[in-house]
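Colleague: Pasting a structure below so you can have a look.
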Amino acid sequence: MDVKEEDKSDESKKNHVRYYKSLTKTISDIREEEKQEQDPIIKNHLKKRIEAMEKDKVRIKEMFPDITDE
């Protein structure tokens, strides 16, 4: 299996910053939805989605350490 080298160009950084910020907003929205949800299966699903998005944020932060959660 080939391992793809990560693109750290300025264009990639711009796109990743935009995605990172959208993840922050989406996570916030899902947390609000999770608070309203009563069904434990749906709550678990929302929790797993948040965990996956948080992992993606960590990956992006490792690629571009100067990204902030503004």
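The way I read the labels, and the way they are meant: chains A, B, ... in the order of the structure tokens, residue 1 as the first residue of every chain, and ligand 1 as the first ligand shown, with later ones counted on from there.
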Would you list, as a PyMOL selection string, the residues of chain A that end up in alpha helix (DSSP H) under DSSP run on this structure's backbone?
Modeller: chain A and resi 10-36+40-63
Colleague: Keeping only C-alpha atoms, write the selected residues as an mmCIF file, in the first residue's frame.
Modeller:
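What ended up in selection-v3.cif:
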data_model
loop_
_atom_site.group_PDB
_atom_site.id
_atom_site.type_symbol
_atom_site.label_atom_id
_atom_site.label_comp_id
_atom_site.auth_asym_id
_atom_site.auth_seq_id
_atom_site.Cartn_x
_atom_site.Cartn_y
_atom_site.Cartn_z
ATOM 1 C CA ASP A 10 -0.502 27.341 1.277
ATOM 2 C CA GLU A 11 -3.586 26.302 -0.699
ATOM 3 C CA SER A 12 -3.902 23.120 1.352
ATOM 4 C CA LYS A 13 -3.495 25.083 4.562
ATOM 5 C CA LYS A 14 -6.216 27.540 3.517
ATOM 6 C CA ASN A 15 -8.591 24.665 2.759
ATOM 7 C CA HIS A 16 -7.729 22.841 5.978
ATOM 8 C CA VAL A 17 -8.266 25.993 8.074
ATOM 9 C CA ARG A 18 -11.694 26.429 6.505
ATOM 10 C CA TYR A 19 -12.530 22.765 7.158
ATOM 11 C CA TYR A 20 -11.152 22.950 10.730
ATOM 12 C CA LYS A 21 -13.404 25.914 11.506
ATOM 13 C CA SER A 22 -16.419 24.194 9.972
ATOM 14 C CA LEU A 23 -15.703 21.132 12.141
ATOM 15 C CA THR A 24 -15.647 23.333 15.233
ATOM 16 C CA LYS A 25 -19.082 24.737 14.324
ATOM 17 C CA THR A 26 -20.489 21.325 13.409
ATOM 18 C CA ILE A 27 -19.267 19.772 16.665
ATOM 19 C CA SER A 28 -20.920 22.572 18.591
ATOM 20 C CA ASP A 29 -24.191 22.026 16.711
ATOM 21 C CA ILE A 30 -24.090 18.264 17.313
ATOM 22 C CA ARG A 31 -23.420 18.788 21.032
ATOM 23 C CA GLU A 32 -26.554 20.933 21.214
ATOM 24 C CA GLU A 33 -28.521 18.260 19.363
ATOM 25 C CA GLU A 34 -27.121 15.620 21.711
ATOM 26 C CA LYS A 35 -28.407 17.581 24.725
ATOM 27 C CA GLN A 36 -31.930 17.529 23.287
ATOM 28 C CA PRO A 40 -29.627 6.446 23.784
ATOM 29 C CA ILE A 41 -28.869 4.910 20.388
ATOM 30 C CA ILE A 42 -29.026 8.283 18.672
ATOM 31 C CA LYS A 43 -27.052 9.914 21.505
ATOM 32 C CA ASN A 44 -24.341 7.282 21.058
ATOM 33 C CA HIS A 45 -24.293 7.878 17.307
ATOM 34 C CA LEU A 46 -23.897 11.629 17.846
ATOM 35 C CA LYS A 47 -21.109 10.987 20.365
ATOM 36 C CA LYS A 48 -19.248 8.810 17.831
ATOM 37 C CA ARG A 49 -19.601 11.508 15.157
ATOM 38 C CA ILE A 50 -18.128 14.079 17.520
ATOM 39 C CA GLU A 51 -15.229 11.753 18.360
ATOM 40 C CA ALA A 52 -14.467 11.242 14.650
ATOM 41 C CA MET A 53 -14.532 14.981 14.001
ATOM 42 C CA GLU A 54 -12.295 15.659 17.005
ATOM 43 C CA LYS A 55 -9.763 13.162 15.614
ATOM 44 C CA ASP A 56 -9.855 14.978 12.290
ATOM 45 C CA LYS A 57 -9.233 18.286 14.078
ATOM 46 C CA VAL A 58 -6.203 16.762 15.831
ATOM 47 C CA ARG A 59 -4.857 15.512 12.489
ATOM 48 C CA ILE A 60 -5.219 18.965 10.954
ATOM 49 C CA LYS A 61 -3.679 20.636 14.024
ATOM 50 C CA GLU A 62 -0.666 18.310 13.723
ATOM 51 C CA MET A 63 -0.256 19.288 10.066
#
